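S.K.: For reference, the structure I am asking about is given below.
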Amino acid sequence: MVQAKSWILLKHFDGFPKDSDFEVKVEELPEPRDGEVLLEAVFLSVDPYLRVIQSKNSAFPVGSHVVSSCGWTTHSISDGKDLTPLMSDWPKDVSLSLALGAIGMPGLTALYGVEEVLDLKAGETLLVNAAAGAVGSVVGQIAKIKGCKVVGSAGSEAKVAFLKELGFDEAFNYKTVSSLEEALRKASPDGYDCFFENVGGHFSTAAIQQMKNFGRIAVCGSISLYNDTTPQTGPYQHLTMIIKQLKMEGFMQSRWTHKHPESLKRLMAWFKQGKLQCREHVTKGFENMPAAFMGLLKGDNTGKAVVAV
């Protein structure tokens, strides 16, 4: 019998999450039945990475490494239907934790947003906010690979320096600029062909005003709104979108699941070639899951936030 520890949500968040919103539950797991596997967490995120430690499913031998959305738990039992094996040729010198970051769901989100939604072309100018995060940092690097000018915003001077290390043409700290509108204008006086949106709120309002005619906007996230107790309202951008003939599209990476194997190989190849840098913000210890989660919402992380179990 294996004892599993799981973080559970005691109540839905009222504004920003608090420690008291979470509790650890401990339970004894039964032996896997035929066709099932016993999983042990190695790295955790909102999309945990796991190792098979006991198996009665021939598709997942003991020692297999998989990705699964089974929650914040140290151990779990699965029939295999919700498991995604890692690339069979995952290089031994590449940390497996990157399967939760640049060579996993965040990297796929960045790639599909840039290629499938924005259809970014060489020579165009791309704006990305939350640019030092797991998705934004990959977005900017893919845009540079494609020969584009990249402008990124982030929430600290250290993050701005990180964006410069990645090759961003312009980067600024949105928390310290006197005028967001002026910072955007200074970074690209001619405006923006494409905008990869992770933040929402006031930033979105300012950015849409500075899009070029026929500009394209990929809406991936809206982190400035997630913890609001009262929903934000307006201003409303319809007239600007009509006059500039803008295209705005929300998306999730799951739309292109059929492309995942090929796309992950492309991301891995860029990483091995040194064209894609991957930074992680690693928190050690399963007991620190809520703290890591709240830190993510506060913007403490540079790159992908991961908990090493």
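Note on naming: chains are A, B, ... as they come in the structure tokens, residues start from 1 per chain, ligands start from 1 in the order shown.
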Might you pull out every residue within 8 Å of Ala218 of chain A, with only C-alpha atoms counted and same-chain residues fewer than 6 positions away left off, and present them as a list of chain:residue names?
M.R.: A:Gly113, A:Val114, A:Val117, A:Leu118, A:Cys194, A:Phe195, A:Phe196, A:Glu197, A:Met248, A:Glu249, A:Gly250, A:Phe251
S.K.: For segment 175-266 of chain A versus segment 94-109 of chain A, which residues have an atom no more than 12 Å away, and what is each residue's nearest atom pair and distance in Å rounded to one decimal, using only C-alpha atoms, chain-then-number order, as a tab-separated table?
M.R.:
residue	atom	partner	partner_atom	distance
A:Phe196	CA	A:Thr109	CA	10.8
A:Glu197	CA	A:Thr109	CA	11.9
A:Asn198	CA	A:Thr109	CA	11.3
A:Ala218	CA	A:Thr109	CA	10.6
A:Val219	CA	A:Thr109	CA	10.8
A:Cys220	CA	A:Thr109	CA	8.0
A:Gly221	CA	A:Thr109	CA	10.6
A:Gly250	CA	A:Thr109	CA	11.5
A:Phe251	CA	A:Thr109	CA	8.7
A:Met252	CA	A:Thr109	CA	6.8
A:Gln253	CA	A:Thr109	CA	5.0
A:Ser254	CA	A:Thr109	CA	8.6
A:Arg255	CA	A:Thr109	CA	10.0
A:Trp256	CA	A:Leu108	CA	9.1
A:Thr257	CA	A:Leu108	CA	9.5
A:His258	CA	A:Leu108	CA	11.8
A:Lys259	CA	A:Leu108	CA	9.4
A:His260	CA	A:Leu108	CA	7.4
A:Pro261	CA	A:Leu108	CA	10.2
A:Glu262	CA	A:Leu108	CA	10.5
A:Ser263	CA	A:Leu108	CA	7.0
A:Leu264	CA	A:Ile103	CA	6.0
A:Lys265	CA	A:Ile103	CA	8.4
A:Arg266	CA	A:Ile103	CA	9.0
S.K.: Please determine, counting only C-alpha atoms, which residue among A:Leu44, A:Leu225, A:Leu180, A:Leu9 has the shortest atom-to-atom distance to Val199 of chain A.
M.R.: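 Of the candidates, the smallest distance to Val199 of chain A is held by A:Leu225.
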S.K.: Which residues are close to Gly303 of chain A, i.e. within 6 Å by only C-alpha atoms, leaving aside same-chain residues fewer than 2 positions away? Reply as a count of residues only.
M.R.: 5
S.K.: State, in Å with one decimal place, the distance from atom CA of Gly136 of chain A to atom CA of Trp72 of chain A.
M.R.: 24.2 Å
S.K.: Enumerate as a list in words all residues of segment 179-224 of chain A assigned to strand (DSSP E or B) by DSSP on the backbone, naming them with the chain letters and numbers the document uses.
M.R.: Tyr192, Asp193, Cys194, Phe195, Phe196, Glu197, Met211, Lys212, Asn213, Phe214, Gly215, Arg216, Ile217, Ala218 and Val219 of chain A
S.K.: Neighbours of Pro30 of chain A within 12 Å (only C-alpha atoms; same-chain residues fewer than 2 positions away dropped), as JSON, numbers by chain?
M.R.: {"A": [1, 2, 3, 4, 27, 28, 32, 33, 36, 37, 38, 54, 75, 76, 77, 78]}
S.K.: Find the residues around Lys81 of chain A up to 12 Å (only C-alpha atoms counted), leave out those fewer than 3 positions away in its own chain, and share them as a ChimeraX atom specification.
M.R.: /A:35-37,57,59-60,66-70,77-78,84-85
S.K.: Could you check how far atom CA of Trp90 of chain A sits from atom CA of Pro61 of chain A, in Å to one decimal?
M.R.: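 The value is 16.5 Å.
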